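Since the structure comes first, as structure tokens, the remarks are kept for the end.
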Amino acid sequence: MAAIGTRVLSVLLFLSLSNLASSLYEDQVGLMDWHQKYIGKVKHAVFHTQKAGRKRVVVSTEQNVIASLDLRHGDIYWRHVLGADDAIDGIDIALGKYVITLSSGGSILRAWNLPDGQLVWESILKGSSPSKIMLIVPTSFRVDRENLIFAFAGGCLHAVSSIDGEIIWRKDFAAKSLEVQQVIQAPAEETVRVLGYVESSQFHAYEINPRKGDEIKHVNVDFPGGLSADTVLVSDDVLVALDATRSVLLTILFQDGEINFRKTQILSLVDDSHGVVEILPCKLADMFALKTNKFLVLAKVMDGGVVELVEKIKEAAALSDAVSLSESQQAIALARHENQKLHIIVKPVHDWNIDLLKETIKIDNQRGLVHKVFINNYVRTDRSYGFRALIVMEDHSLLLIQQGEIVWCREDGLASVIDVTTSELPVEKDGVSVSKVEQSLFEWLKGHILKLKGTLMLASPEDVAAIQNMRLKSSEKSKMTRDHNGFRKLLIVLTGSGKVFALHTGDGRIVWSLLVQSLRKSEKCDYPTGLRIYPWQVPHHHAMDENPSVLVVGRCGPSDDAPGLLSFIDAYKGEELDSLVPIHSIVQVIPLPFTDSTEQRLHLLVDANQRAHLYPRSPKALTIFHSEISNIYWYSVEADNGIIRGHVSKGSCSHDEDEYCFDPKDLWSVVLPAESEKIVASETHKINEVVHTQAKAIADQDVMYKYISKNLLFLATTAPKGSGEIGSATPEESWLVVYLIDTITGRILHRMTHQGSQAPVHAVFSENWVVYHYFNLRAHRYEMSVVEIYDQSRADNKDVLKLVVGKHNLTSPVSSYSRPEVTAKSQSYFFTHSVKAITVTSTAKGITSKQLLIGTIGDQVLALDKRYLDPRRTVNPTQAEKEEGMIPLTDSLPIIPQSYVTHALKVEGLRGIVTVPAKLESTTLVFTYGVDLFFTRLAPSRTYDSLTEDFSYALLLITIAALIVAIFVTWIWSERKDLQEKWR
Amino acid sequence: MAPIARSLPALSAGFFFLILTVGAAVVSSGPADGFTINGRVRIPGAGAFGLPGKISDAKVTLNGGKRITFLRPDGYFSFHNISAGTHLIEVAAIGYFFSPVRVDVSARNPGKVQAALTENRRVLNELVLEPLREEQYYEIREPFSIMSLVKSPMGLMVGFMLIVVFLMPKLVENMDPEEMRRAQEEMRSQGVPSLSNLLPGAARSN
């Protein structure tokens, strides 16, 4: 019997093994997942509306994306995400068919095919010294002229053929110690002009033959007062500059080979100017814009260089570049705010009193101020000019405004997600109308019959479309209430623009969005940035009626010791409840496992001096904290110095009156030798991780005890040479050392060296294991290693009798103070791809087996079963081990295409993966962010605790009906037969 | 700046795989500028220089994401300013599985390049790399078959019922009546409800 039992078991195991990959049918796409494409905050935009066909706008963004957008709907025609170091400096359209981009600090010039985004050519520009970067694409190519584009970068001017990217000539200006300010290619003239300074006191103008690059003319003038680098080109022969003191405006005229200049005191333009004056880099045609700390000043340059004030604008406003309507007429758009309304005014340059267009648009307050305006004109049917304005708002959203209406709007703030947390939805209230259910009963039945047709492969193409549509529109999944399975949640994301969005997990729609006031630039806080987002108040039990809230932690500036800021946001209403700006610096946030009477979670914020500050600042929280103070430890990793320190709170701050501040006491420190080890990665457990069982049953009815301590730190160091990019070190001069450190005592539990390996290291820590990914220089392949730690002191607890009698130490408390007897097992495997992010699935109770989620270099997410990373794998597992589900050892980890969580989609610019447990034990929710967003639901061991989505209820009903019918038929038969028997 | 050698593998029409040609193109042009690696991804069968739409989204990555470049219409790509040493090139194209390529750029004898697939350590002396496989991200739905319906729990239910309804009475009928009675008595004495008792037709058949 036992043999049969084990055989059955092994068959079952084999079945479960064959289903390691959680795969998807093509028609299930969009059923549990959603994918949103973004581009990021637009830096430059070029319209392409000349031809009658598709109207489009080509944009480049701060996330290094170039994209061609449909001007009618805002959809993406095509898009390319360039590398992280490949920032786009300039963008333009050449020949009406190529998009030209200059990127990587002016060193890469690329041309893309406008209709489909195919790279046409790529040229490398070699500069000699850093300089301003300019891309000049002549607007009108004449037939007789070579189609040259000019790129100025690295102190050199390059003339590049726009057809094949060949560099025709190159002229080095840095060698002449010329700081080039402007390069002009006047459409009317045959020459290219290069204007610049030598030693900030001499103004030089060169005229260059565009065909050959030889110098035609060179003139220079001395400026004893000195010049600042702020210049703007007003027209083809007038340059406006600021002098070194930034109090005098210089209008420099360079006509007919002569340079004339004229000085204008800024005070004479703006009588009460204070602070630093800046020239805005807008090309305004005969005008320029100055920015003082109070005003935006528009001024016009008249004949002879006379500067005349045009307008002073007090409100926040943005200006577009000039757009030419005809040969002589040019227009500028001005967007200004006035109590929650946005005015868009288009004026001709030559006469500021006329408004070509004046539109007032009510704009969502959560979009903040206008940051950029781009305009484009078209000729209406009545021959008048119409304008469309593309607006970039403070929250990075992109809006197209035409005829006084917002035509479309893209929420591109979501391209810069920094951190994510989740919140439960409100509990469903009573009073759901019954009539609605009855009405939809027929629909429900119809839907299921359609589904049945689908499973029986009898459905026509229209039916298939209807099924797909029905599945996607399923109102169940996008309801605004909590569900039994915990699939519906709010994803609360903090973005780089300082805006917080709440996304519904069902369909990814934005439930609310909030431009956090304390994350906006203010006098108290110059450059606020968001850092992290935490659940602050999660009401259950006694505070059920209150809304949950989240805590946003930020910083006023880029450095660690910049003042911090806190903001508390209602997770249902999307309102800022409270904010603290500015406070002490924040380097670490430790959510404590205690909550006060209103279910607010206690948080410890550690500042740059390692002092801990307790939040919420309430006496009750303080009482709770004081009673637990001896159990609260934290550690700090100083990656630059190679020191890890453990801290404990000593008591209230000595120098401060603040009773919520606690002084640190150093408990231990680990100092790594700086010449041989540099910290490249550190990783700990997720705070909210649940571990189901401490014991692990292995083959032969044996048990191993996992060493589960929340206070373990994984640390990876490499030789200083090996911390750079791949290819910079040889196998002999690089090694990787990994440590497992107990953060209470500072004890190193495990240390291992991988010779000939190097950074980058990505690690994930869960239960009693760490998995890390690094580069093996000897094999020249990536490797993944697993380390599992087992507790030896409990290893004897195997005797059932002992357990019954109570002679075991299972109930003895686990303490970090006692010296643990641990053993570590480790194994390494090759892995094909580079990795961008790595995480592990998490479920509600931790029973379900785990999968690693690996964000690969191709911006896909691969699910890899943890069983592949089991240090006990052997080449020939024994029968017992096979029954346990052990996979025979292979040297590399398998990449099964069906186990890509993102299936045929890409999460462009992938940066992070977040997993959240659903209430259903088998299921975990996965949210992946980068430039794109992707959400899906995963069941690492398949959905063993519920019916799948495509379970056919109709088939079940039909079966039951068939059985009932069969019962009656057989009953009638038997009756009849009975009768016949009796007549016989 | 022209590559020294660009090897063009013979076109095989109808062969629908990508072929990556890493051009033996390491050009030395002064120590400050470094070296250049030129390579090529090509699809035979898709026209002379045509690339289907999804390949225009293909990316070529150097050294784990430090640099990214795209494919030109003829499938060529290049990395400039490369230092001498061993580098790793990865091709990411949805629908295809590429092995990373190890490229050795030698400072001593410029122009010499060594490339090898890291997955199977195949040395590319002809500098031709085939994608190891096409990737199919979805499970293929099995076409409808009676067997799949029968195998489902509902199918088993119906099947069992059919057996009981049609086959069992036949079996019972074929039995010898004497034997049947004996068996029934035996069962009754054991107190086990017999199947024929449950089936009204069969129970009264004799």
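Each chain of the structure tokens is named A, B, ... in the order shown, its residues numbered from 1; ligands are numbered from 1 in display order.
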Who sits within 6 Å of Val59 in chain A, only C-alpha atoms, same chain under 6 positions skipped, as a PyMOL selection string: chain A and resi 44-45+66-67
Spatial neighbours of Ser522 in chain A, 12 Å, only C-alpha atoms, chain gap at least 6 places, as a list in words: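 Selected residues are Val516, Pro528, Cys556, Val581 and Pro582 of chain A.
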Range 165-177 of chain A environment, 6 Å, only C-alpha atoms, sequence neighbours closer than 2 positions dropped, as a count of residues only: 10
Test item: chain B residues at most 8 Å from chain A, counting only C-alpha atoms, as a ChimeraX atom specification: /B:56-57,59,63-73,80,85-88,90,92-95,99-100,102,118-119,135-141,143-144,154-155,157-158,161,165,200-201,204-205
Sel. of helix (DSSP H, G or I) residues, range 861-896 of chain A, as JSON, numbers by chain: {"A": [866, 867, 868, 879, 880, 881, 882, 883, 884]}
d(CA of Gly722 in chain A, CA of Phe79 in chain B) in Å: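 Going from CA of Gly722 in chain A over to CA of Phe79 in chain B covers 22.0 Å.
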Separation of CA of Phe487 in chain A from CA of Thr598 in chain A, in Å and rounded to one decimal: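 Separation of CA of Phe487 in chain A and CA of Thr598 in chain A: 26.0 Å.
The shortest atom-to-atom distance to His343 in chain A, with only C-alpha atoms taken into account, belongs to A:Thr360 out of A:Thr231, A:Ser60, A:Thr360, A:Asn469.
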Shell of 10 Å around Asp355 in chain A, only C-alpha atoms, local chain residues under 3 positions omitted, as a list in words: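 Listed by chain and then number, they are Ala331, Ala333, Ile345, Val346, Lys347, Pro348, Asp351, Trp352 and Lys358 of chain A.
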Store the residues picked out above, limited to N, CA and C atoms, as a JSON list (two decimals), in the first residue's frame.
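Listing of selection-v7.json after writing:
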[["chain", "number", "residue", "atom", "x", "y", "z"],
["A", 331, "ALA", "N", 4.43, 84.77, -34.06],
["A", 331, "ALA", "CA", 3.55, 84.84, -32.90],
["A", 331, "ALA", "C", 4.14, 84.07, -31.73],
["A", 333, "ALA", "N", 3.12, 82.39, -27.80],
["A", 333, "ALA", "CA", 2.05, 82.03, -26.88],
["A", 333, "ALA", "C", 2.52, 82.26, -25.46],
["A", 345, "ILE", "N", -2.71, 83.01, -24.31],
["A", 345, "ILE", "CA", -2.82, 84.19, -25.17],
["A", 345, "ILE", "C", -1.76, 84.04, -26.25],
["A", 346, "VAL", "N", -2.17, 84.20, -27.47],
["A", 346, "VAL", "CA", -1.22, 84.19, -28.57],
["A", 346, "VAL", "C", -1.20, 85.59, -29.15],
["A", 347, "LYS", "N", -0.01, 86.17, -29.21],
["A", 347, "LYS", "CA", 0.12, 87.53, -29.70],
["A", 347, "LYS", "C", 1.15, 87.56, -30.83],
["A", 348, "PRO", "N", 0.91, 88.44, -31.80],
["A", 348, "PRO", "CA", 1.94, 88.62, -32.82],
["A", 348, "PRO", "C", 3.11, 89.42, -32.24],
["A", 351, "ASP", "N", 3.11, 93.42, -32.94],
["A", 351, "ASP", "CA", 2.16, 94.31, -32.28],
["A", 351, "ASP", "C", 1.60, 93.61, -31.05],
["A", 352, "TRP", "N", 2.10, 94.01, -29.91],
["A", 352, "TRP", "CA", 1.76, 93.31, -28.67],
["A", 352, "TRP", "C", 0.33, 93.60, -28.22],
["A", 358, "LYS", "N", -7.19, 84.28, -27.51],
["A", 358, "LYS", "CA", -7.24, 84.41, -26.05],
["A", 358, "LYS", "C", -8.21, 83.36, -25.56]]
